[in-house]
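Novice: Contents of target_8.csv (CSV, N, CA and C atoms) are below:
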```csv
chain,number,residue,atom,x,y,z
A,25,MET,N,-9.7,-47.3,-9.1
A,25,MET,CA,-9.0,-47.8,-10.2
A,25,MET,C,-7.8,-48.6,-9.7
A,26,THR,N,-7.5,-49.6,-10.4
A,26,THR,CA,-6.3,-50.5,-10.1
A,26,THR,C,-5.1,-49.9,-10.7
A,27,GLU,N,-4.0,-50.3,-10.2
A,27,GLU,CA,-2.7,-49.8,-10.7
A,27,GLU,C,-2.5,-50.2,-12.2
A,28,THR,N,-3.0,-51.4,-12.6
A,28,THR,CA,-2.9,-51.9,-14.0
A,28,THR,C,-3.7,-51.0,-14.9
A,29,TRP,N,-4.9,-50.6,-14.5
A,29,TRP,CA,-5.7,-49.8,-15.3
A,29,TRP,C,-5.1,-48.4,-15.5
A,30,LEU,N,-4.5,-47.9,-14.4
A,30,LEU,CA,-3.8,-46.6,-14.5
A,30,LEU,C,-2.6,-46.6,-15.5
A,31,ARG,N,-1.9,-47.7,-15.4
A,31,ARG,CA,-0.7,-47.9,-16.3
A,31,ARG,C,-1.2,-48.0,-17.8
A,32,ARG,N,-2.3,-48.7,-18.0
A,32,ARG,CA,-2.8,-48.8,-19.4
A,32,ARG,C,-3.3,-47.4,-19.9
A,33,LEU,N,-3.9,-46.7,-19.0
A,33,LEU,CA,-4.4,-45.3,-19.4
A,33,LEU,C,-3.2,-44.4,-19.7
A,34,ALA,N,-2.1,-44.5,-18.9
A,34,ALA,CA,-0.9,-43.7,-19.1
A,34,ALA,C,-0.3,-44.1,-20.4
A,35,ALA,N,-0.3,-45.4,-20.8
A,35,ALA,CA,0.3,-45.9,-22.0
A,35,ALA,C,-0.5,-45.4,-23.2
A,36,LEU,N,-1.8,-45.4,-23.1
A,36,LEU,CA,-2.7,-44.8,-24.1
A,36,LEU,C,-2.4,-43.3,-24.3
A,37,ALA,N,-2.3,-42.6,-23.2
A,37,ALA,CA,-2.0,-41.2,-23.3
A,37,ALA,C,-0.6,-40.9,-23.9
A,38,GLY,N,0.4,-41.8,-23.6
A,38,GLY,CA,1.7,-41.7,-24.1
A,38,GLY,C,1.7,-41.9,-25.6
A,39,THR,N,0.9,-42.9,-26.1
A,39,THR,CA,0.8,-43.2,-27.5
A,39,THR,C,0.1,-42.0,-28.2
A,40,ALA,N,-0.9,-41.4,-27.6
A,40,ALA,CA,-1.6,-40.3,-28.2
A,40,ALA,C,-0.6,-39.1,-28.3
A,41,MET,N,0.2,-38.9,-27.2
A,41,MET,CA,1.1,-37.8,-27.2
A,41,MET,C,2.2,-38.0,-28.3
A,42,ALA,N,2.7,-39.2,-28.4
A,42,ALA,CA,3.8,-39.5,-29.4
A,42,ALA,C,3.2,-39.2,-30.8
A,43,THR,N,2.0,-39.6,-31.0
A,43,THR,CA,1.3,-39.3,-32.3
A,43,THR,C,1.1,-37.9,-32.6
A,44,GLY,N,0.7,-37.2,-31.6
A,44,GLY,CA,0.5,-35.7,-31.7
A,44,GLY,C,1.8,-35.0,-31.9
A,45,ILE,N,2.9,-35.4,-31.3
A,45,ILE,CA,4.2,-34.8,-31.5
A,45,ILE,C,4.6,-35.0,-32.9
A,46,LEU,N,4.5,-36.3,-33.4
A,46,LEU,CA,4.9,-36.6,-34.8
A,46,LEU,C,4.1,-35.7,-35.8
A,47,ILE,N,2.8,-35.6,-35.6
A,47,ILE,CA,2.0,-34.8,-36.6
A,47,ILE,C,2.4,-33.4,-36.5
A,48,GLY,N,2.4,-32.8,-35.2
A,48,GLY,CA,2.7,-31.4,-35.0
A,48,GLY,C,4.1,-31.0,-35.5
A,49,SER,N,5.0,-32.0,-35.4
A,49,SER,CA,6.4,-31.7,-35.8
A,49,SER,C,6.6,-31.7,-37.3
A,50,LEU,N,5.7,-32.4,-38.0
A,50,LEU,CA,5.9,-32.6,-39.5
A,50,LEU,C,5.0,-31.8,-40.4
A,51,ILE,N,4.0,-31.1,-39.8
A,51,ILE,CA,3.1,-30.3,-40.6
A,51,ILE,C,3.8,-28.9,-40.9
A,52,PRO,N,3.5,-28.3,-42.0
A,52,PRO,CA,4.1,-27.0,-42.2
A,52,PRO,C,3.4,-26.0,-41.3
A,53,ASN,N,4.2,-25.0,-40.8
A,53,ASN,CA,3.7,-23.9,-40.0
A,53,ASN,C,2.8,-24.3,-38.9
A,54,PRO,N,3.4,-25.1,-37.9
A,54,PRO,CA,2.5,-25.4,-36.8
A,54,PRO,C,2.3,-24.2,-35.9
A,55,PRO,N,1.3,-24.3,-35.1
A,55,PRO,CA,1.0,-23.2,-34.2
A,55,PRO,C,2.1,-23.1,-33.1
A,56,SER,N,2.4,-21.9,-32.7
A,56,SER,CA,3.4,-21.7,-31.6
A,56,SER,C,3.0,-20.6,-30.7
A,57,PRO,N,3.2,-20.7,-29.4
A,57,PRO,CA,2.8,-19.6,-28.5
A,57,PRO,C,3.5,-18.3,-28.9
A,58,ASP,N,2.8,-17.2,-28.7
A,58,ASP,CA,3.4,-15.9,-29.0
A,58,ASP,C,4.1,-15.3,-27.8
A,59,VAL,N,5.2,-16.1,-27.4
A,59,VAL,CA,6.0,-15.6,-26.3
A,59,VAL,C,7.5,-15.9,-26.7
A,60,ALA,N,8.4,-15.3,-26.1
A,60,ALA,CA,9.8,-15.5,-26.4
A,60,ALA,C,10.1,-17.0,-26.2
A,61,GLN,N,10.8,-17.6,-27.1
A,61,GLN,CA,11.2,-19.0,-27.1
A,61,GLN,C,10.0,-19.9,-26.9
A,62,GLY,N,8.8,-19.5,-27.4
A,62,GLY,CA,7.6,-20.3,-27.3
A,62,GLY,C,7.8,-21.7,-27.9
A,63,ASP,N,8.5,-21.8,-29.0
A,63,ASP,CA,8.8,-23.0,-29.7
A,63,ASP,C,9.5,-24.0,-28.7
A,64,LYS,N,10.5,-23.5,-28.1
A,64,LYS,CA,11.3,-24.3,-27.1
A,64,LYS,C,10.5,-24.7,-25.9
A,65,LEU,N,9.6,-23.9,-25.5
A,65,LEU,CA,8.7,-24.2,-24.4
A,65,LEU,C,7.7,-25.3,-24.8
A,66,MET,N,7.3,-25.3,-26.1
A,66,MET,CA,6.4,-26.4,-26.6
A,66,MET,C,7.1,-27.7,-26.6
A,67,HIS,N,8.4,-27.7,-27.0
A,67,HIS,CA,9.2,-28.9,-27.0
A,67,HIS,C,9.4,-29.4,-25.6
A,68,LEU,N,9.7,-28.5,-24.7
A,68,LEU,CA,9.9,-28.9,-23.3
A,68,LEU,C,8.7,-29.5,-22.7
A,69,ALA,N,7.5,-28.9,-22.9
A,69,ALA,CA,6.3,-29.4,-22.4
A,69,ALA,C,5.8,-30.7,-23.1
A,70,GLY,N,5.9,-30.7,-24.4
A,70,GLY,CA,5.5,-31.9,-25.1
A,70,GLY,C,6.2,-33.2,-24.7
A,71,TYR,N,7.5,-33.0,-24.7
A,71,TYR,CA,8.4,-34.2,-24.3
A,71,TYR,C,8.3,-34.5,-22.8
A,72,GLY,N,8.0,-33.5,-22.0
A,72,GLY,CA,7.8,-33.7,-20.6
A,72,GLY,C,6.5,-34.6,-20.4
A,73,VAL,N,5.5,-34.2,-21.1
A,73,VAL,CA,4.2,-35.0,-20.9
A,73,VAL,C,4.4,-36.4,-21.5
A,74,LEU,N,5.1,-36.5,-22.6
A,74,LEU,CA,5.3,-37.8,-23.3
A,74,LEU,C,6.1,-38.7,-22.3
A,75,ALA,N,7.2,-38.2,-21.7
A,75,ALA,CA,8.0,-39.0,-20.8
A,75,ALA,C,7.2,-39.3,-19.5
A,76,PHE,N,6.4,-38.4,-19.0
A,76,PHE,CA,5.6,-38.6,-17.8
A,76,PHE,C,4.7,-39.8,-18.0
A,77,CYS,N,4.0,-39.7,-19.2
A,77,CYS,CA,3.0,-40.8,-19.5
A,77,CYS,C,3.7,-42.2,-19.5
A,78,TRP,N,4.7,-42.2,-20.3
A,78,TRP,CA,5.4,-43.5,-20.5
A,78,TRP,C,6.1,-44.0,-19.3
A,79,ALA,N,6.7,-43.1,-18.5
A,79,ALA,CA,7.4,-43.5,-17.3
A,79,ALA,C,6.4,-43.9,-16.2
A,80,SER,N,5.2,-43.4,-16.3
A,80,SER,CA,4.1,-43.8,-15.4
A,80,SER,C,3.6,-45.2,-15.8
A,81,ALA,N,3.6,-45.4,-17.1
A,81,ALA,CA,3.1,-46.7,-17.6
A,81,ALA,C,4.1,-47.8,-17.4
A,82,LEU,N,5.3,-47.5,-17.5
A,82,LEU,CA,6.4,-48.5,-17.4
A,82,LEU,C,7.4,-48.1,-16.2
A,83,PRO,N,6.9,-48.2,-15.0
A,83,PRO,CA,7.8,-47.7,-13.9
A,83,PRO,C,9.1,-48.4,-13.7
A,84,ALA,N,9.1,-49.7,-14.1
A,84,ALA,CA,10.3,-50.5,-14.0
A,84,ALA,C,11.4,-50.1,-15.0
A,85,HIS,N,11.0,-49.3,-16.0
A,85,HIS,CA,11.9,-48.9,-17.1
A,85,HIS,C,12.0,-47.4,-17.3
A,86,ARG,N,11.9,-46.7,-16.2
A,86,ARG,CA,11.8,-45.2,-16.3
A,86,ARG,C,13.1,-44.6,-17.0
A,87,LEU,N,14.2,-45.1,-16.7
A,87,LEU,CA,15.5,-44.6,-17.3
A,87,LEU,C,15.5,-44.9,-18.8
A,88,ARG,N,15.0,-46.1,-19.2
A,88,ARG,CA,14.9,-46.4,-20.6
A,88,ARG,C,13.9,-45.5,-21.3
A,89,VAL,N,12.8,-45.2,-20.6
A,89,VAL,CA,11.8,-44.4,-21.1
A,89,VAL,C,12.4,-43.0,-21.5
A,90,TRP,N,13.1,-42.4,-20.5
A,90,TRP,CA,13.8,-41.1,-20.8
A,90,TRP,C,14.6,-41.2,-22.0
A,91,LEU,N,15.4,-42.2,-22.2
A,91,LEU,CA,16.3,-42.4,-23.3
A,91,LEU,C,15.5,-42.5,-24.6
A,92,ALA,N,14.4,-43.3,-24.5
A,92,ALA,CA,13.6,-43.5,-25.7
A,92,ALA,C,12.9,-42.2,-26.2
A,93,CYS,N,12.5,-41.4,-25.2
A,93,CYS,CA,11.8,-40.1,-25.5
A,93,CYS,C,12.8,-39.1,-26.1
A,94,ALA,N,14.0,-39.1,-25.5
A,94,ALA,CA,15.1,-38.2,-26.0
A,94,ALA,C,15.5,-38.6,-27.4
A,95,LEU,N,15.6,-39.9,-27.7
A,95,LEU,CA,15.9,-40.4,-29.0
A,95,LEU,C,14.8,-40.1,-30.0
A,96,TYR,N,13.6,-40.2,-29.5
A,96,TYR,CA,12.4,-39.9,-30.4
A,96,TYR,C,12.5,-38.4,-30.8
A,97,GLY,N,12.9,-37.6,-29.9
A,97,GLY,CA,13.1,-36.2,-30.2
A,97,GLY,C,14.2,-36.0,-31.3
A,98,VAL,N,15.2,-36.7,-31.2
A,98,VAL,CA,16.3,-36.6,-32.2
A,98,VAL,C,15.8,-37.1,-33.6
A,99,LEU,N,15.0,-38.2,-33.5
A,99,LEU,CA,14.5,-38.8,-34.8
A,99,LEU,C,13.5,-37.8,-35.4
A,100,ILE,N,12.6,-37.2,-34.6
A,100,ILE,CA,11.7,-36.2,-35.2
A,100,ILE,C,12.4,-35.0,-35.8
A,101,GLU,N,13.5,-34.5,-35.1
A,101,GLU,CA,14.2,-33.4,-35.7
A,101,GLU,C,14.9,-33.8,-37.0
A,102,GLY,N,15.4,-35.1,-37.0
A,102,GLY,CA,16.0,-35.6,-38.3
A,102,GLY,C,15.0,-35.6,-39.4
A,103,LEU,N,13.8,-36.1,-39.1
A,103,LEU,CA,12.7,-36.1,-40.1
A,103,LEU,C,12.3,-34.7,-40.6
A,104,GLN,N,12.4,-33.7,-39.6
A,104,GLN,CA,12.1,-32.4,-40.0
A,104,GLN,C,13.1,-31.9,-41.0
A,105,GLY,N,14.4,-32.3,-40.8
A,105,GLY,CA,15.5,-31.9,-41.7
A,105,GLY,C,15.3,-32.4,-43.1
A,106,LEU,N,14.5,-33.5,-43.2
A,106,LEU,CA,14.3,-34.1,-44.6
A,106,LEU,C,13.2,-33.4,-45.3
A,107,THR,N,12.4,-32.5,-44.7
A,107,THR,CA,11.3,-31.8,-45.3
A,107,THR,C,11.8,-30.5,-45.9
A,108,ALA,N,11.1,-30.0,-46.9
A,108,ALA,CA,11.4,-28.7,-47.5
A,108,ALA,C,10.9,-27.5,-46.7
A,109,TYR,N,10.1,-27.8,-45.7
A,109,TYR,CA,9.4,-26.7,-45.0
A,109,TYR,C,9.8,-26.6,-43.5
A,110,ARG,N,10.5,-27.5,-43.0
A,110,ARG,CA,10.9,-27.5,-41.6
A,110,ARG,C,12.5,-27.7,-41.6
A,111,SER,N,13.1,-27.5,-40.4
A,111,SER,CA,14.5,-27.6,-40.3
A,111,SER,C,14.9,-28.4,-39.1
A,112,LEU,N,16.0,-29.0,-39.1
A,112,LEU,CA,16.6,-29.7,-38.0
A,112,LEU,C,17.2,-28.6,-37.1
A,113,ASP,N,17.0,-28.7,-35.8
A,113,ASP,CA,17.5,-27.7,-34.8
A,113,ASP,C,18.0,-28.4,-33.6
A,114,GLY,N,19.3,-28.3,-33.4
A,114,GLY,CA,19.9,-28.9,-32.2
A,114,GLY,C,19.4,-28.4,-30.9
A,115,TRP,N,19.0,-27.1,-30.9
A,115,TRP,CA,18.4,-26.6,-29.6
A,115,TRP,C,17.1,-27.2,-29.3
A,116,ASP,N,16.3,-27.6,-30.4
A,116,ASP,CA,15.1,-28.3,-30.2
A,116,ASP,C,15.3,-29.7,-29.6
A,117,MET,N,16.4,-30.3,-30.1
A,117,MET,CA,16.8,-31.6,-29.6
A,117,MET,C,17.1,-31.5,-28.1
A,118,LEU,N,17.8,-30.5,-27.7
A,118,LEU,CA,18.1,-30.3,-26.3
A,118,LEU,C,16.9,-30.0,-25.5
A,119,ALA,N,16.0,-29.2,-26.0
A,119,ALA,CA,14.7,-29.0,-25.3
A,119,ALA,C,13.9,-30.2,-25.2
A,120,ASN,N,13.9,-31.1,-26.2
A,120,ASN,CA,13.2,-32.4,-26.1
A,120,ASN,C,13.8,-33.2,-25.0
A,121,ALA,N,15.1,-33.4,-25.0
A,121,ALA,CA,15.7,-34.2,-24.0
A,121,ALA,C,15.5,-33.7,-22.6
A,122,LEU,N,15.6,-32.4,-22.4
A,122,LEU,CA,15.4,-31.7,-21.1
A,122,LEU,C,13.9,-31.9,-20.7
A,123,GLY,N,13.0,-31.8,-21.6
A,123,GLY,CA,11.6,-32.0,-21.3
A,123,GLY,C,11.3,-33.4,-20.9
A,124,ALA,N,12.0,-34.4,-21.6
A,124,ALA,CA,11.8,-35.8,-21.2
A,124,ALA,C,12.4,-36.1,-19.9
A,125,ALA,N,13.5,-35.4,-19.5
A,125,ALA,CA,14.1,-35.6,-18.2
A,125,ALA,C,13.2,-35.1,-17.1
A,126,LEU,N,12.5,-33.9,-17.4
A,126,LEU,CA,11.6,-33.3,-16.4
A,126,LEU,C,10.4,-34.2,-16.2
A,127,GLY,N,9.9,-34.8,-17.3
A,127,GLY,CA,8.7,-35.7,-17.3
A,127,GLY,C,9.1,-37.0,-16.5
A,128,TRP,N,10.3,-37.5,-16.8
A,128,TRP,CA,10.8,-38.6,-16.0
A,128,TRP,C,10.9,-38.4,-14.5
A,129,LEU,N,11.4,-37.2,-14.2
A,129,LEU,CA,11.5,-36.8,-12.8
A,129,LEU,C,10.1,-36.7,-12.1
A,130,ALA,N,9.2,-36.1,-12.8
A,130,ALA,CA,7.9,-35.9,-12.3
A,130,ALA,C,7.2,-37.2,-12.1
A,131,ALA,N,7.3,-38.1,-13.1
A,131,ALA,CA,6.7,-39.5,-12.9
A,131,ALA,C,7.3,-40.3,-11.8
A,132,THR,N,8.6,-40.1,-11.6
A,132,THR,CA,9.3,-40.8,-10.5
A,132,THR,C,8.8,-40.3,-9.2
A,133,LEU,N,8.7,-39.0,-9.0
A,133,LEU,CA,8.2,-38.4,-7.8
A,133,LEU,C,6.7,-38.8,-7.6
A,134,ALA,N,5.9,-38.8,-8.6
A,134,ALA,CA,4.5,-39.1,-8.5
A,134,ALA,C,4.3,-40.6,-8.1
A,135,CYS,N,5.1,-41.5,-8.7
A,135,CYS,CA,5.0,-42.9,-8.3
A,135,CYS,C,5.4,-43.1,-6.9
A,136,ARG,N,6.5,-42.4,-6.4
A,136,ARG,CA,6.9,-42.6,-5.0
A,136,ARG,C,5.8,-42.0,-4.1
A,137,LEU,N,5.3,-40.9,-4.4
A,137,LEU,CA,4.2,-40.3,-3.6
A,137,LEU,C,3.0,-41.3,-3.5
A,138,ALA,N,2.6,-41.8,-4.7
A,138,ALA,CA,1.5,-42.8,-4.7
A,138,ALA,C,1.8,-44.0,-3.8
A,139,ARG,N,3.0,-44.5,-3.9
A,139,ARG,CA,3.4,-45.6,-3.1
A,139,ARG,C,3.3,-45.3,-1.6
A,140,VAL,N,3.7,-44.1,-1.2
A,140,VAL,CA,3.6,-43.7,0.2
A,140,VAL,C,2.2,-43.6,0.7
A,141,VAL,N,1.3,-43.0,-0.2
A,141,VAL,CA,-0.1,-42.9,0.2
A,141,VAL,C,-0.7,-44.3,0.3
A,142,LEU,N,-0.4,-45.2,-0.7
A,142,LEU,CA,-1.0,-46.5,-0.6
A,142,LEU,C,-0.5,-47.3,0.6
A,143,ASP,N,0.8,-47.1,1.0
A,143,ASP,CA,1.3,-47.8,2.2
A,143,ASP,C,0.6,-47.3,3.4
A,144,ARG,N,0.3,-46.0,3.5
A,144,ARG,CA,-0.3,-45.4,4.7
A,144,ARG,C,-1.8,-46.0,4.8
A,145,ARG,N,-2.4,-46.1,3.6
A,145,ARG,CA,-3.8,-46.6,3.6
A,145,ARG,C,-3.9,-48.0,4.1
A,146,GLN,N,-2.9,-48.8,3.6
A,146,GLN,CA,-2.9,-50.2,4.0
A,146,GLN,C,-2.5,-50.4,5.5
A,147,ALA,N,-1.8,-49.5,6.0
A,147,ALA,CA,-1.4,-49.5,7.5
A,147,ALA,C,-2.5,-49.2,8.4
A,148,VAL,N,-3.5,-48.5,7.9
A,148,VAL,CA,-4.7,-48.1,8.7
A,148,VAL,C,-5.7,-49.2,8.8
```
Could you render the structure as structure tokens?
Specialist:
Amino acid sequence: MTETWLRRLAALAGTAMATGILIGSLIPNPPSPDVAQGDKLMHLAGYGVLAFCWASALPAHRLRVWLACALYGVLIEGLQGLTAYRSLDGWDMLANALGAALGWLAATLACRLARVVLDRRQAV
């Protein structure tokens, strides 16, 4: 697979993830893991995957991707506050931003690792 193809696939996955987050965040009574702070773990994981996908798709804009994902989390929380069945939660916003930061970091490390592997292959 070429790098362009992988970036397109990451962008498609990021779009699907953003759509899933939107739907899951605005439906009444979404599923939540039956563990302590399961809701926050879902926020962390969801925004981590979202940022990973988009940071992989747009490696030249990774910092902007993190900011966009964190702001998306704020927007979603604001939309939840407008519903009669969900509520705005500052801790969720924090979990969203932290998850996005972890996804950004993972994508940065993955891209660097891929670059090292490709450089070694070309040297051989």
Novice: For a cutoff of 12 Å around the file-coordinate point (20.9, -30.7, -30.0), which residues qualify once you count only C-alpha atoms? I'd like the result as JSON, numbers by chain.
Specialist: {"A": [64, 94, 95, 97, 98, 99, 100, 101, 102, 112, 113, 114, 115, 116, 117, 118, 119, 120, 121, 122]}
Novice: Env of Trp90 of chain A: 6.5 Å cut, atoms = only N, CA and C atoms, seq-sep filter 6 positions within chain, self excluded. Answer as JSON, numbers by chain.
Specialist: {"A": [75, 124, 125, 128]}
Novice: Go ahead and save the picked residues with N, CA and C atoms, as a PDB file, in the coordinates of the input.
Specialist:
```
ATOM      1  N   ALA A  75       7.200 -38.200 -21.700  1.00  0.00           N
ATOM      2  CA  ALA A  75       8.000 -39.000 -20.800  1.00  0.00           C
ATOM      3  C   ALA A  75       7.200 -39.300 -19.500  1.00  0.00           C
ATOM      4  N   ALA A 124      12.000 -34.400 -21.600  1.00  0.00           N
ATOM      5  CA  ALA A 124      11.800 -35.800 -21.200  1.00  0.00           C
ATOM      6  C   ALA A 124      12.400 -36.100 -19.900  1.00  0.00           C
ATOM      7  N   ALA A 125      13.500 -35.400 -19.500  1.00  0.00           N
ATOM      8  CA  ALA A 125      14.100 -35.600 -18.200  1.00  0.00           C
ATOM      9  C   ALA A 125      13.200 -35.100 -17.100  1.00  0.00           C
ATOM     10  N   TRP A 128      10.300 -37.500 -16.800  1.00  0.00           N
ATOM     11  CA  TRP A 128      10.800 -38.600 -16.000  1.00  0.00           C
ATOM     12  C   TRP A 128      10.900 -38.400 -14.500  1.00  0.00           C
TER      13      TRP A 128
END
```
Novice: Could you please determine the separation between atom CA of Arg31 of chain A and atom CA of Leu82 of chain A in Å, to one decimal place?
Specialist: 7.2 Å
Novice: Excluding Ile51 of chain A and residues on its chain fewer than 4 positions from it, collect all residues at most 12 Å away from it, counting only C-alpha atoms, and give them as a list of chain:residue names.
Specialist: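 Result of the neighbour search: A:Gly44, A:Ile45, A:Leu46, A:Ile47, A:Pro55, A:Ile100, A:Leu103, A:Gln104, A:Thr107, A:Ala108, A:Tyr109, A:Arg110, A:Ser111.
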Novice: Just write the chosen residues, N, CA and C atoms, as a PDB file, in the frame of the given file.
Specialist:
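Contents of again-v3.pdb, freshly written:
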```pdb
ATOM      1  N   GLY A  44       0.700 -37.200 -31.600  1.00  0.00           N
ATOM      2  CA  GLY A  44       0.500 -35.700 -31.700  1.00  0.00           C
ATOM      3  C   GLY A  44       1.800 -35.000 -31.900  1.00  0.00           C
ATOM      4  N   ILE A  45       2.900 -35.400 -31.300  1.00  0.00           N
ATOM      5  CA  ILE A  45       4.200 -34.800 -31.500  1.00  0.00           C
ATOM      6  C   ILE A  45       4.600 -35.000 -32.900  1.00  0.00           C
ATOM      7  N   LEU A  46       4.500 -36.300 -33.400  1.00  0.00           N
ATOM      8  CA  LEU A  46       4.900 -36.600 -34.800  1.00  0.00           C
ATOM      9  C   LEU A  46       4.100 -35.700 -35.800  1.00  0.00           C
ATOM     10  N   ILE A  47       2.800 -35.600 -35.600  1.00  0.00           N
ATOM     11  CA  ILE A  47       2.000 -34.800 -36.600  1.00  0.00           C
ATOM     12  C   ILE A  47       2.400 -33.400 -36.500  1.00  0.00           C
ATOM     13  N   PRO A  55       1.300 -24.300 -35.100  1.00  0.00           N
ATOM     14  CA  PRO A  55       1.000 -23.200 -34.200  1.00  0.00           C
ATOM     15  C   PRO A  55       2.100 -23.100 -33.100  1.00  0.00           C
ATOM     16  N   ILE A 100      12.600 -37.200 -34.600  1.00  0.00           N
ATOM     17  CA  ILE A 100      11.700 -36.200 -35.200  1.00  0.00           C
ATOM     18  C   ILE A 100      12.400 -35.000 -35.800  1.00  0.00           C
ATOM     19  N   LEU A 103      13.800 -36.100 -39.100  1.00  0.00           N
ATOM     20  CA  LEU A 103      12.700 -36.100 -40.100  1.00  0.00           C
ATOM     21  C   LEU A 103      12.300 -34.700 -40.600  1.00  0.00           C
ATOM     22  N   GLN A 104      12.400 -33.700 -39.600  1.00  0.00           N
ATOM     23  CA  GLN A 104      12.100 -32.400 -40.000  1.00  0.00           C
ATOM     24  C   GLN A 104      13.100 -31.900 -41.000  1.00  0.00           C
ATOM     25  N   THR A 107      12.400 -32.500 -44.700  1.00  0.00           N
ATOM     26  CA  THR A 107      11.300 -31.800 -45.300  1.00  0.00           C
ATOM     27  C   THR A 107      11.800 -30.500 -45.900  1.00  0.00           C
ATOM     28  N   ALA A 108      11.100 -30.000 -46.900  1.00  0.00           N
ATOM     29  CA  ALA A 108      11.400 -28.700 -47.500  1.00  0.00           C
ATOM     30  C   ALA A 108      10.900 -27.500 -46.700  1.00  0.00           C
ATOM     31  N   TYR A 109      10.100 -27.800 -45.700  1.00  0.00           N
ATOM     32  CA  TYR A 109       9.400 -26.700 -45.000  1.00  0.00           C
ATOM     33  C   TYR A 109       9.800 -26.600 -43.500  1.00  0.00           C
ATOM     34  N   ARG A 110      10.500 -27.500 -43.000  1.00  0.00           N
ATOM     35  CA  ARG A 110      10.900 -27.500 -41.600  1.00  0.00           C
ATOM     36  C   ARG A 110      12.500 -27.700 -41.600  1.00  0.00           C
ATOM     37  N   SER A 111      13.100 -27.500 -40.400  1.00  0.00           N
ATOM     38  CA  SER A 111      14.500 -27.600 -40.300  1.00  0.00           C
ATOM     39  C   SER A 111      14.900 -28.400 -39.100  1.00  0.00           C
TER      40      SER A 111
END
```
Novice: Using all atoms listed in the file, which residue out of A:Ala60, A:Leu129, A:Ser80, A:Leu68 lies closest to Arg32 of chain A?
Specialist: A:Ser80
Novice: Identify all residues of segment 56-125 of chain A in helix (DSSP H, G or I) (DSSP on the backbone) and supply them as a PyMOL selection string.
Specialist: chain A and resi 62-81+83-106+114-125
Novice: Find the distance between atom CA of Val73 of chain A and atom CA of Ser49 of chain A and write it in Å to one decimal.
Specialist: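 Distance reported for this atom pair: 15.4 Å.
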Novice: So what do you get for atom C of Ala42 of chain A versus atom N of Arg139 of chain A, distance-wise?
Specialist: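 The value is 27.4 Å.
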Novice: Can you list, as a VMD selection string, every protein, DNA or RNA residue that comes within 7 Å of Leu74 of chain A when you count only C-alpha atoms, leaving out same-chain residues fewer than 4 positions away?
Specialist: chain A and resid 38 41 to 42 70 78
Novice: Just checking: using only C-alpha atoms, which residue out of A:Gly72, A:Gly62, A:Pro57, A:Pro52 ends up closest to Cys93 of chain A?
Specialist: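 Nearest to Cys93 of chain A: A:Gly72.
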Novice: Just checking: using only N, CA and C atoms, which residue out of A:Met66, A:Val59, A:Ala81, A:Tyr71 ends up closest to Leu36 of chain A?
Specialist: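 Counting only N, CA and C atoms, the residue closest to Leu36 of chain A is A:Ala81.
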